[in-house]
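K.L.:
Take this structure, written in structure tokens, and hold onto it; I'll ask about it next.
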Amino acid sequence: MSTEEKPYFEGRDVVSMRDFTREEIDAILDVADDVKRAIHDQSAASEFKRKYGKDINDLFQGIKIATLFRENSTRTNFSFRAAVGGLEGFVDGFPSDDYTSFKKGETWGHAVAMFAGWGYDALVCRTKTEGIPRWTQEYLERVHASMISKHKRMGQGYSYRRPMILNGGDGKNQHPTQCFLDLFTMREIARMEGKELDGLEVALLNDLAHGRTNASLMSVAHLFDWKLHFAYPDRFGPQQHRLDDLIRNGVSIEDHGSDFKSAMTAALIAYHSRPQKERVGVGEDLISIKELGRINRVMYDALGINAPYLMHPLPIDAETFEEIAFDIDSHEMNWTKVQSSNGLYVRVALMALGLGLIDSQADLQGKDLIEIVGLSSKMLDLSIGDKDLTHARSGVIPKDGLVIDHIPPGMSRRLDGILGLEQSRLPIISSRYLEVDGGKQPEKDMVKIHCGYDLSEPQLEAIALLAPDATVSVVRGGRVVRKYRPLIGNHVADRVTCGNGACVTNVGIEHVIPKHHLESSESGPVLSCEYCEHTDTVPSVYAANRFRYLSPDHALIGIRRP
Ligand code: CP
């Protein structure tokens with residue numbers, strides 16, 4: 001590394017496993033390996049210093065982190081604190097709302113902005129609101145820019161650094177630092193068996209509907225070409241959008257239903273999990289999960305030589321479920337204590353890399369930046385444009401107007417509303433007024449606006465999303481002068497709401513505007529929430545009436561009065 005080059009991971013947050021490539025994950029696990037050895041072995045500590053130019057024992061000297069936890073935690077909170085405090089850094093924060101002004105109605109954004117302003121280098125966050133860590137990144141960027149500019153106005157060019165964000169678990173969404181420690185432990189087990197992480201058979205067990213540790217593992221399964229074996233009590237299977245995601249990523253899945261033994265026998269590693277009673281809705285069947293999900297010595301011994309290594313993110317809920325019975329607490333295949341202790345090494349590695357204290361020694365390719373492509377139009381041939389204008393029932397457009405054609409049948413009425421046309425009292429005729437030819441439903445819908453009108457960008461985005469084959473003909477003086485098809489880019493803001501009620505965009509207090517990435521798939525575009533990662537298809541958003549309606553005020557922006 002030349003003196004000007006910054007360390008590869010410097011400035012990278014740990015928000016979601018989806019932000020890391022396979023090569024980057026390997027590189028981080030390699031550093032965690034070096035940290036583990038250096039902490040336990042003096043000669044490895046000397047090697048660490050030679051390799052990274054830093055003494056492991058005071059790696060975090062001068063570093064200040066805060067753990068901001070709105071849900072209880074033993075491992076995540078205190079392993080971060082042990083990691084930093086044990087290596088000469090400073091740690092503060094709060095373990096629950098009880099110690100904070102959240103109790104007085106404060107927002108998350110305002111609270112984290114305080115810690116950023118006080119010069120904390122890293123913030124470890126845990127909340128039940130999904131997508132908050134991703135939003136915290138952009139919110140603190142804004143606060144940071146504003147702090148700098150306000151100090152400039154006062155003639156003070158002080159430096160304010162936007163802290164590193166580490167997601168310590170956001171609802172059912174992601175728990176990336178747990179996932180790194182799980183992968184680290186799986187790699188240790190695989191290597192002990194003469195294997196690597198690639199091609200492993202992994203059983204994911206029990207509450208696959210609400211557990212974020214399972215969700216994080218599912219989001220990286222394709223990177224390692226795993227075969228996943230699922231076993232879960234009825235109604236605790238993976239959420240549909242996660243299954244869709246796995247299928248799109250080509251992950252091989254075997255669903256064993258409620259047959260835990262079958263799933264465990266098939267796998268090298270069984271990843272058990274706690275029923276997430278804090279997230280399970282009223283009326284969910286907690287009895288079945290208690291009866292089916294309990295793994296004990298009798299069951300383990302019955303698996304014989306096919307018994308898998310047992311992992312679990314912990315805690316075990318011994319009070320309600322005892323999903324891993326105490327009689328296998330020290331079983332030779334129970335790897336859970338090794339797993340949780342590995343959390344410390346992995347978290348040291350993630351913070352040291354992200355803060356630029358050390359650099360990875362791996363030869364890493366730069367992560368491909370996803371280019372944000374905005375709305376565009378495809379100009380179309382005019383020769384087929386005139387016929388629709390003279391339709392007897394919808395009326396000719398004698399002067400200026402607009403025709404939105406090739407709308408899927410039956411959609412025009414709702415589209416009028418979504419575009420804000422219906423409420424704007426424009427002279428509009430939609431195909432719902434057209435004659436149904438010979439008793440048959442029309443093969444397409446059409447909307448004609450009988451006055452000068454330009455569609456605004458949000459309206460065009462909505463058309464491109466809902467009716468991707470729609471064409472827009474612009475009429476001037478009774479003639480079509482331009483015909484185009486609006487094309488959606490790969491990013492939409494504020495057009496649809498997120499389908500996840502726990503998403504930060506649906507929690508009013510933070511005022512977060514919904515944003516979605518669009519990814520193409522064989523069955524059409526997939527909308528992925530930029531914050532909580534919940535995915536949806538356009539038909540399911542339409543069916544759930546989650547398109548945002550543009551207000552008449554907004555639509556007025558589009559009117560071009562002659
Ligand atoms: N595995 C895990 O997240 O444990 P805690 O809830 O105790 O942090």
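Ordering of the structure tokens sets the chain letters (A, B, ...); residue numbers start at 1 within each chain; ligands are numbered from 1 in the order shown.
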Just want the residues within 6 Å of ligand 1, written as a list in words, counting only C-alpha atoms and all ligand atoms.
P.N.:
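Counting only C-alpha atoms and all ligand atoms, the residues within 6 Å of ligand 1 come out as Ser73, Thr74, Arg75, Thr76, Asn77, Pro313, Leu314 and Pro315 of chain A.
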K.L.:
Please build the interface table for segment 172-279 of chain A against segment 13-25 of chain A with a cut-off of 12 Å, listing for each qualifying residue the nearest atom pair and the distance in Å to one decimal; count only C-alpha atoms, order rows by chain and increasing number, and write it as a tab-separated table.
P.N.:
```
residue	atom	partner	partner_atom	distance
A:Asn173	CA	A:Ser16	CA	8.7
A:Gln174	CA	A:Ser16	CA	6.0
A:His175	CA	A:Ser16	CA	7.3
A:Pro176	CA	A:Met17	CA	5.4
A:Thr177	CA	A:Val14	CA	7.3
A:Gln178	CA	A:Met17	CA	10.0
A:Cys179	CA	A:Met17	CA	7.6
A:Phe180	CA	A:Ile25	CA	7.7
A:Leu181	CA	A:Ile25	CA	10.9
A:Asp182	CA	A:Ile25	CA	11.8
A:Leu183	CA	A:Ile25	CA	8.9
A:Phe184	CA	A:Ile25	CA	9.5
A:Arg187	CA	A:Ile25	CA	11.5
A:Leu197	CA	A:Arg22	CA	10.8
A:Asp198	CA	A:Arg22	CA	10.6
A:Arg212	CA	A:Ser16	CA	10.9
A:Thr213	CA	A:Met17	CA	10.7
A:Asn214	CA	A:Met17	CA	11.8
A:Ala215	CA	A:Met17	CA	9.8
A:Ser216	CA	A:Met17	CA	6.4
A:Leu217	CA	A:Met17	CA	8.4
A:Met218	CA	A:Met17	CA	9.7
A:Ser219	CA	A:Arg18	CA	6.6
A:Val220	CA	A:Met17	CA	6.8
A:Ala221	CA	A:Arg22	CA	10.4
A:His222	CA	A:Arg22	CA	9.6
A:Leu223	CA	A:Arg22	CA	5.8
A:Phe224	CA	A:Arg22	CA	7.8
A:Asp225	CA	A:Arg22	CA	10.9
A:Asp245	CA	A:Arg18	CA	11.8
```
K.L.:
Can you write just those residues out, N, CA and C atoms, as a compact mmCIF listing (two decimals), in the first residue's frame?
P.N.:
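Written output follows (again05.txt):
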```
# COMPACT_ATOMS: atom_id res chain seq x y z
N ASN A 173 -34.74 -8.14 10.14
CA ASN A 173 -34.01 -7.95 8.90
C ASN A 173 -32.61 -8.56 8.91
N GLN A 174 -31.65 -7.89 9.49
CA GLN A 174 -30.26 -8.31 9.38
C GLN A 174 -29.57 -8.27 10.75
N HIS A 175 -28.58 -9.12 10.89
CA HIS A 175 -27.69 -9.10 12.08
C HIS A 175 -26.30 -9.43 11.52
N PRO A 176 -25.71 -8.47 10.79
CA PRO A 176 -24.51 -8.82 10.02
C PRO A 176 -23.29 -9.20 10.85
N THR A 177 -23.09 -8.57 12.01
CA THR A 177 -21.88 -8.96 12.77
C THR A 177 -22.05 -10.37 13.32
N GLN A 178 -23.30 -10.76 13.63
CA GLN A 178 -23.58 -12.15 14.03
C GLN A 178 -23.29 -13.07 12.85
N CYS A 179 -23.67 -12.64 11.66
CA CYS A 179 -23.47 -13.49 10.48
C CYS A 179 -21.98 -13.69 10.23
N PHE A 180 -21.19 -12.63 10.41
CA PHE A 180 -19.74 -12.80 10.24
C PHE A 180 -19.19 -13.80 11.24
N LEU A 181 -19.68 -13.74 12.49
CA LEU A 181 -19.14 -14.68 13.49
C LEU A 181 -19.65 -16.09 13.22
N ASP A 182 -20.87 -16.20 12.67
CA ASP A 182 -21.38 -17.52 12.30
C ASP A 182 -20.53 -18.11 11.17
N LEU A 183 -20.24 -17.28 10.17
CA LEU A 183 -19.42 -17.76 9.04
C LEU A 183 -18.02 -18.13 9.52
N PHE A 184 -17.49 -17.33 10.42
CA PHE A 184 -16.16 -17.60 10.97
C PHE A 184 -16.15 -18.97 11.64
N ARG A 187 -16.53 -21.78 9.18
CA ARG A 187 -15.28 -22.04 8.46
C ARG A 187 -14.31 -22.83 9.34
N LEU A 197 -15.80 -23.31 3.37
CA LEU A 197 -17.20 -22.86 3.47
C LEU A 197 -18.01 -23.26 2.23
N ASP A 198 -17.32 -23.41 1.11
CA ASP A 198 -18.04 -23.67 -0.15
C ASP A 198 -18.74 -25.03 -0.14
N ARG A 212 -33.56 -12.87 12.62
CA ARG A 212 -32.69 -12.09 11.72
C ARG A 212 -31.36 -12.80 11.46
N THR A 213 -30.95 -13.69 12.37
CA THR A 213 -29.68 -14.38 12.14
C THR A 213 -29.83 -15.36 10.97
N ASN A 214 -30.99 -16.03 10.94
CA ASN A 214 -31.29 -16.90 9.79
C ASN A 214 -31.38 -16.09 8.52
N ALA A 215 -32.03 -14.91 8.63
CA ALA A 215 -32.21 -14.06 7.44
C ALA A 215 -30.86 -13.64 6.88
N SER A 216 -29.93 -13.28 7.75
CA SER A 216 -28.60 -12.87 7.27
C SER A 216 -27.88 -14.03 6.59
N LEU A 217 -27.99 -15.22 7.20
CA LEU A 217 -27.34 -16.39 6.58
C LEU A 217 -27.96 -16.69 5.21
N MET A 218 -29.30 -16.57 5.13
CA MET A 218 -29.96 -16.81 3.83
C MET A 218 -29.46 -15.81 2.79
N SER A 219 -29.15 -14.58 3.22
CA SER A 219 -28.74 -13.56 2.24
C SER A 219 -27.33 -13.79 1.69
N VAL A 220 -26.55 -14.68 2.31
CA VAL A 220 -25.21 -14.96 1.76
C VAL A 220 -25.07 -16.40 1.24
N ALA A 221 -26.12 -17.21 1.38
CA ALA A 221 -26.01 -18.64 1.03
C ALA A 221 -25.49 -18.85 -0.39
N HIS A 222 -25.94 -17.99 -1.32
CA HIS A 222 -25.54 -18.16 -2.73
C HIS A 222 -24.05 -17.90 -2.93
N LEU A 223 -23.45 -17.08 -2.06
CA LEU A 223 -22.01 -16.77 -2.24
C LEU A 223 -21.15 -17.99 -1.97
N PHE A 224 -21.69 -18.93 -1.21
CA PHE A 224 -20.91 -20.11 -0.81
C PHE A 224 -21.46 -21.40 -1.43
N ASP A 225 -22.44 -21.24 -2.31
CA ASP A 225 -23.01 -22.40 -2.99
C ASP A 225 -23.50 -23.45 -1.98
N ASP A 245 -36.12 -14.62 -2.88
CA ASP A 245 -34.75 -14.13 -3.02
C ASP A 245 -33.76 -15.31 -3.19
```
K.L.:
DSSP says alpha helix (DSSP H) for which residues of segment 241-349 of chain A? Put them as a PyMOL selection string?
P.N.:
chain A and resi 241-248+260-266+286-292+297-302+336-349
K.L.:
DSSP on the backbone: which residues in segment 94-184 of chain A end up as strand (DSSP E or B)? Give the answer as a VMD selection string.
P.N.:
chain A and resid 94 122 to 127 130 164 to 170 174
K.L.:
Write out as a PyMOL selection string each polymer residue whose atoms come within 9 Å of segment 352-367 of chain A, counting only C-alpha atoms; drop sequence neighbours fewer than 4 positions from it.
P.N.:
chain A and resi 1+6-14+20-21+23-24+26-28+30-31+51-54+59-60+121-122+163-164+347-348
K.L.:
Atom CA of Asp34 of chain A to atom CA of Ile63 of chain A: how many Å, to one decimal?
P.N.:
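So the answer is 20.5 Å.
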K.L.:
To one decimal place, how far is atom CA of Arg414 of chain A from atom CA of Leu455 of chain A in Å?
P.N.:
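Computed distance, atom CA of Arg414 of chain A to atom CA of Leu455 of chain A, equals 16.6 Å.
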K.L.:
May I have the residues within 12 Å of Lys128 of chain A as a ChimeraX atom specification, using only C-alpha atoms and disregarding those fewer than 3 positions away in the same chain?
P.N.:
/A:69-72,96-97,108,125,131-133,167-175,210-212,276,278-279,501-504,507,532
K.L.:
Rounded to one decimal in Å, what is the spacing between atom CA of Trp135 of chain A and atom CA of Ser79 of chain A?
P.N.:
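These two atoms are separated by 24.4 Å.
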K.L.:
Between A:Arg297, A:Lys337, A:His229, A:Arg425, which has the minimum distance to Met264 of chain A (counting only C-alpha atoms)?
P.N.:
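Using only C-alpha atoms, the shortest distance to Met264 of chain A belongs to A:His229.
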K.L.:
Which residues are near Leu123 of chain A? Cut-off 6 Å, only C-alpha atoms, ignore same chain within fewer than 2 positions. Put them as a count of residues only.
P.N.:
4
